[in-house]
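**Q** Let me give you the structure first, and then I'll get to my questions.
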Amino acid sequence: MGMNNTPASDRIHIGFFGRRNAGKSSVLNAVTGQDLAVVSDVKGTTTDPVYKAMELLPLGPVMMIDTPGIDDEGQLGSLRVRKSYQVLNKTDVAVLVMDACHGPAPEDYTLLKKIGEKQIPCVAVCNKADLDGAAGGRPEGIPESVPVLSVSAHTGQGITALKECLAQLGKTQESSRKIVGDLLSPSDMAVLVVPIDKAAPKGRLILPQQQTIRDILEADAVSVVVRENGLRDTLASLGKKPRMVITDSQVFAKVSADTPEDILLTSFSIL
Ligand SMILES: Nc1nc2c(ncn2[C@@H]2O[C@H](COP(=O)(O)OP(=O)(O)O)[C@@H](O)[C@H]2O)c(=O)[nH]1
Ligand SMILES: [Mg+2]
């Protein structure tokens with residue numbers, strides 16, 4: 001599949017959040033090098049989240065999301081704030097944009113708390129570092145797990161560092177979604193041991209087994225599926241040594257006895 005037709009669900013979703021006029025749209029544009037989002041000094045210009053699928057090097061296919069301000073007021077404003085918070089449900093990596101001249105406001109801390117609860121990897125940026133009133137250093141009360149960068153959407157200061165940070169946060173997020181794919185190289189072979197006993201559902205495999213097979217295929221690796229009694233003969237007859245054996249934990253002891261020590265052994269439940 002070409003990069004351009006990567007489905008939205010396979011893209012790392014990067015959401016830009018923050019108060020009105022902090023420079024969310026400007027920082028997003030600086031990171032992408034494109035004028036994707038409308039920049040304006042009129043507060044509340046972005047009224048709906050804006051999605052843009054693109055390639056972001058060195059990360060790969062991403063979905064960039066610009067959001068309305070999290071401090072918008074009035075009935076319409078609070079609707080916009082709600083829309084921004086809804087974007088968090090689809091966000092793999094969050095960027096909190098703050099104005100370095102103002103520092104974090106209560107809305108920023110509330111958002112960081114929500115991001116922490118959802119365990120979304122996050123980077124905070126203090127934007128407008130080019131201005132005289134910009135504070136340097138790390139603002140108080142930002143969780144230690146959140147890196148803080150000083151950037152300027154206008155001069156480009158710190159934007160490369162931000163891209164590298166996004167790539168790193170995106171990569172950890174991506175590998176945490178993989179089951180075994182990150183342990184296998186293309187054309188590696190994995191042998192899956194699936195007992196067909198009374199406990200097995202009729203006519204199908206259980207979801208963890210299906211997901212593991214799918215993940216192995218996505219890694220361009222090969223899966224061989226056998227029942228526990230067929231493992232020893234299968235391992236002996238395969239032309240090449242498999243990289244790993246993945247078994248149902250019910251038969252772990254038997255499978256362990258039948259698997260040579262130089263082949264990795266794990267179970268579906270561990271994965
Ligand atoms: N000096 C300076 N102004 C900026 C910077 N980034 C954004 N702005 C200005 O701040 C205002 C709000 O920017 P915008 O990106 O629309 O903010 P948003 O509401 O958070 O999306 C605009 O007038 C921008 O030109 C920056 O790095 N330096
Ligand atoms: Mg905006």
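Residue numbering restarts at 1 for every chain of the structure tokens, chains are lettered A, B, ... in their displayed order, and ligands are numbered from 1 as they appear.
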Using only C-alpha atoms and all ligand atoms, what table do you get, as CSV, when you list each residue of chain A with an atom no more than 12 Å from ligand 2, its nearest pair of atoms, and their distance in Å rounded to one decimal, rows by chain then rising number?
**A**
residue,atom,partner,partner_atom_place_in_ligand_line,distance
A:Phe16,CA,ligand 2,1 (Mg),9.2
A:Phe17,CA,ligand 2,1 (Mg),9.3
A:Gly18,CA,ligand 2,1 (Mg),9.2
A:Arg19,CA,ligand 2,1 (Mg),9.1
A:Arg20,CA,ligand 2,1 (Mg),6.9
A:Asn21,CA,ligand 2,1 (Mg),6.8
A:Ala22,CA,ligand 2,1 (Mg),8.3
A:Gly23,CA,ligand 2,1 (Mg),6.6
A:Lys24,CA,ligand 2,1 (Mg),5.4
A:Ser25,CA,ligand 2,1 (Mg),4.3
A:Ser26,CA,ligand 2,1 (Mg),7.3
A:Val27,CA,ligand 2,1 (Mg),9.4
A:Leu28,CA,ligand 2,1 (Mg),9.1
A:Asn29,CA,ligand 2,1 (Mg),10.2
A:Asp35,CA,ligand 2,1 (Mg),11.7
A:Leu36,CA,ligand 2,1 (Mg),10.4
A:Ala37,CA,ligand 2,1 (Mg),6.8
A:Val38,CA,ligand 2,1 (Mg),6.1
A:Val39,CA,ligand 2,1 (Mg),5.7
A:Ser40,CA,ligand 2,1 (Mg),7.0
A:Asp41,CA,ligand 2,1 (Mg),9.1
A:Val42,CA,ligand 2,1 (Mg),9.3
A:Lys43,CA,ligand 2,1 (Mg),8.3
A:Gly44,CA,ligand 2,1 (Mg),7.1
A:Thr45,CA,ligand 2,1 (Mg),6.0
A:Thr46,CA,ligand 2,1 (Mg),4.8
A:Thr47,CA,ligand 2,1 (Mg),8.3
A:Asp48,CA,ligand 2,1 (Mg),9.6
A:Pro49,CA,ligand 2,1 (Mg),9.3
A:Val50,CA,ligand 2,1 (Mg),9.4
A:Ile65,CA,ligand 2,1 (Mg),10.6
A:Asp66,CA,ligand 2,1 (Mg),6.8
A:Thr67,CA,ligand 2,1 (Mg),6.7
A:Pro68,CA,ligand 2,1 (Mg),6.2
A:Gly69,CA,ligand 2,1 (Mg),7.3
A:Ile70,CA,ligand 2,1 (Mg),10.9
A:Asp72,CA,ligand 2,1 (Mg),11.8
A:Arg80,CA,ligand 2,1 (Mg),11.9
A:Ser84,CA,ligand 2,1 (Mg),11.5
A:Val97,CA,ligand 2,1 (Mg),10.6
**Q** Determine which residues of range 61-149 of chain A DSSP labels as helix (DSSP H, G or I) from the backbone of this structure, then write them out as a list of chain:residue names.
**A**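 Result set for range 61-149 of chain A (helix (DSSP H, G or I)): A:Gly74, A:Gln75, A:Leu76, A:Gly77, A:Ser78, A:Leu79, A:Arg80, A:Val81, A:Arg82, A:Lys83, A:Ser84, A:Tyr85, A:Gln86, A:Val87, A:Leu88, A:Asn89, A:Lys90, A:Pro106, A:Glu107, A:Asp108, A:Tyr109, A:Thr110, A:Leu111, A:Leu112, A:Lys113, A:Lys114, A:Ile115, A:Gly116, A:Glu117.
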**Q** Skip Ala167 in chain A itself and residues of its chain fewer than 6 positions away, then list as a PDB file with all heavy atoms, in the first residue's frame all residues within 9 Å of it, counting only C-alpha atoms.
**A**
ATOM      1  N   LEU A  56       4.640  13.225   7.546  1.00  0.00           N
ATOM      2  CA  LEU A  56       5.469  14.066   8.406  1.00  0.00           C
ATOM      3  C   LEU A  56       6.758  13.310   8.703  1.00  0.00           C
ATOM      4  O   LEU A  56       6.752  12.325   9.434  1.00  0.00           O
ATOM      5  CB  LEU A  56       4.733  14.417   9.694  1.00  0.00           C
ATOM      6  CG  LEU A  56       5.483  15.396  10.596  1.00  0.00           C
ATOM      7  CD1 LEU A  56       5.600  16.763   9.938  1.00  0.00           C
ATOM      8  CD2 LEU A  56       4.791  15.535  11.945  1.00  0.00           C
ATOM      9  N   LEU A  57       7.842  13.770   8.082  1.00  0.00           N
ATOM     10  CA  LEU A  57       9.123  13.097   8.310  1.00  0.00           C
ATOM     11  C   LEU A  57       9.703  13.569   9.639  1.00  0.00           C
ATOM     12  O   LEU A  57       9.495  14.713  10.009  1.00  0.00           O
ATOM     13  CB  LEU A  57      10.079  13.399   7.158  1.00  0.00           C
ATOM     14  CG  LEU A  57       9.596  12.796   5.831  1.00  0.00           C
ATOM     15  CD1 LEU A  57      10.464  13.240   4.675  1.00  0.00           C
ATOM     16  CD2 LEU A  57       9.536  11.285   5.914  1.00  0.00           C
ATOM     17  N   PRO A  58      10.378  12.729  10.415  1.00  0.00           N
ATOM     18  CA  PRO A  58      10.717  11.341  10.085  1.00  0.00           C
ATOM     19  C   PRO A  58       9.663  10.322  10.532  1.00  0.00           C
ATOM     20  O   PRO A  58       9.963   9.142  10.565  1.00  0.00           O
ATOM     21  CB  PRO A  58      12.016  11.141  10.869  1.00  0.00           C
ATOM     22  CG  PRO A  58      11.883  12.036  12.056  1.00  0.00           C
ATOM     23  CD  PRO A  58      11.003  13.173  11.651  1.00  0.00           C
ATOM     24  N   LEU A  59       8.470  10.747  10.814  1.00  0.00           N
ATOM     25  CA  LEU A  59       7.471   9.839  11.398  1.00  0.00           C
ATOM     26  C   LEU A  59       6.733   9.002  10.355  1.00  0.00           C
ATOM     27  O   LEU A  59       6.520   7.814  10.554  1.00  0.00           O
ATOM     28  CB  LEU A  59       6.465  10.659  12.225  1.00  0.00           C
ATOM     29  CG  LEU A  59       5.558   9.891  13.164  1.00  0.00           C
ATOM     30  CD1 LEU A  59       6.372   8.976  14.059  1.00  0.00           C
ATOM     31  CD2 LEU A  59       4.770  10.860  14.034  1.00  0.00           C
ATOM     32  N   GLY A  60       6.345   9.604   9.227  1.00  0.00           N
ATOM     33  CA  GLY A  60       5.570   8.865   8.232  1.00  0.00           C
ATOM     34  C   GLY A  60       4.166   9.425   8.116  1.00  0.00           C
ATOM     35  O   GLY A  60       3.947  10.614   8.343  1.00  0.00           O
TER      36      GLY A  60
END
**Q** Which is closer to ligand 1 than all the others in A:Val31, A:Cys122, A:Met63, A:Leu76, using only C-alpha atoms and all ligand atoms?
**A** A:Val31
**Q** Could you give me, as a PyMOL selection string, each residue of range 25-257 of chain A that DSSP assigns to strand (DSSP E or B) when run on this structure's backbone?
**A** chain A and resi 50-56+60-66+93-99+122-127+148-150+189-193+222-226+244-247
**Q** List the neighbours of Gln210 in chain A out to 12 Å using only C-alpha atoms; skip same-chain residues closer than 4 positions along the sequence, and give me the result as a VMD selection string.
**A** chain A and resid 179 192 194 204 to 206 214 to 217 223 225 268
**Q** Those same residues - N, CA and C atoms - I'd like them written as a compact mmCIF listing (two decimals), in the first residue's frame.
**A**
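Dumped everything to out_15.txt:
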# COMPACT_ATOMS: atom_id res chain seq x y z
N ILE A 179 1.45 -6.04 18.50
CA ILE A 179 1.43 -7.20 19.38
C ILE A 179 2.78 -7.89 19.31
N LEU A 192 2.39 -20.51 15.69
CA LEU A 192 1.35 -20.28 16.69
C LEU A 192 0.75 -21.62 17.10
N VAL A 194 -2.27 -23.43 18.76
CA VAL A 194 -3.68 -23.18 19.10
C VAL A 194 -4.37 -24.50 19.40
N ARG A 204 -14.21 -21.07 14.93
CA ARG A 204 -13.39 -19.86 14.72
C ARG A 204 -12.24 -19.81 15.71
N LEU A 205 -11.35 -18.86 15.47
CA LEU A 205 -10.25 -18.57 16.40
C LEU A 205 -10.67 -17.43 17.31
N ILE A 206 -10.08 -17.38 18.49
CA ILE A 206 -10.41 -16.26 19.39
C ILE A 206 -9.67 -15.00 18.95
N ARG A 214 -2.84 -11.26 12.28
CA ARG A 214 -2.92 -10.03 11.50
C ARG A 214 -1.64 -9.19 11.68
N ASP A 215 -1.19 -9.10 12.92
CA ASP A 215 0.00 -8.30 13.23
C ASP A 215 1.24 -8.90 12.57
N ILE A 216 1.32 -10.23 12.56
CA ILE A 216 2.46 -10.92 11.91
C ILE A 216 2.44 -10.62 10.41
N LEU A 217 1.25 -10.66 9.81
CA LEU A 217 1.15 -10.37 8.37
C LEU A 217 1.56 -8.93 8.09
N SER A 223 3.19 -16.68 9.36
CA SER A 223 2.71 -17.42 10.52
C SER A 223 2.32 -18.84 10.11
N VAL A 225 0.28 -22.03 11.80
CA VAL A 225 -0.59 -22.31 12.94
C VAL A 225 -0.74 -23.82 13.10
N PHE A 268 -0.05 -16.06 23.95
CA PHE A 268 -0.98 -15.01 23.50
C PHE A 268 -1.31 -14.07 24.64
**Q** Quick one: of A:Asp182, A:Glu144, A:Glu164, A:Asp130, who's nearest to Leu112 in chain A, counting only C-alpha atoms?
**A**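 Residue with the minimum atom-to-atom distance to Leu112 in chain A: A:Glu144.
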**Q** For each of A:Ser9, A:Ser176, A:Thr212, A:Thr155, take the minimum atom-to-atom distance to ligand 1, counting only C-alpha atoms and all ligand atoms, then give the residue where this is smallest.
**A**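 Using only C-alpha atoms and all ligand atoms, ligand 1 sits closest to A:Thr155.
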**Q** Using only C-alpha atoms, determine which residues lie at most 7 Å from Ala124 in chain A, disregarding the query and same-chain residues fewer than 5 positions distant; provide the list as a list in words.
**A**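 Non-adjacent residues within range: Val95, Leu96, Val97, Val146, Pro147, Val148 and Leu149 of chain A.
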**Q** Check the smallest atom-to-atom distance from each of A:Ser145, A:Thr32, A:Gln157, A:Thr6 to ligand 1 using only C-alpha atoms and all ligand atoms, then report the winner.
**A** A:Gln157
**Q** Between A:Pro186, A:Pro139, A:Gly156, A:Gly77, single out the one closest to ligand 1, counting only C-alpha atoms and all ligand atoms.
**A**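 Nearest to ligand 1: A:Gly156.
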**Q** Just want the 12 Å neighbourhood of Ile12 in chain A, counted on only C-alpha atoms, with same-chain residues fewer than 2 positions away dropped. Output as number ranges by chain.
**A** A: 6-10, 14-15, 52-56, 59-65, 90-94, 120-121, 166-175, 177
**Q** Can you pull out every residue within 10 Å of Ala190 in chain A, counting only C-alpha atoms, but drop anything in the same chain fewer than 2 positions away, and send it as a PyMOL selection string?
**A** chain A and resi 180+184+187-188+192-193+213+216+221-225+241-246+263-265
**Q** From the options A:Ser150, A:Gln211, A:Asn127, A:Ser237, which residue's atoms come nearest to ligand 1, counting only C-alpha atoms and all ligand atoms?
**A**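 Counting only C-alpha atoms and all ligand atoms, the residue closest to ligand 1 is A:Asn127.
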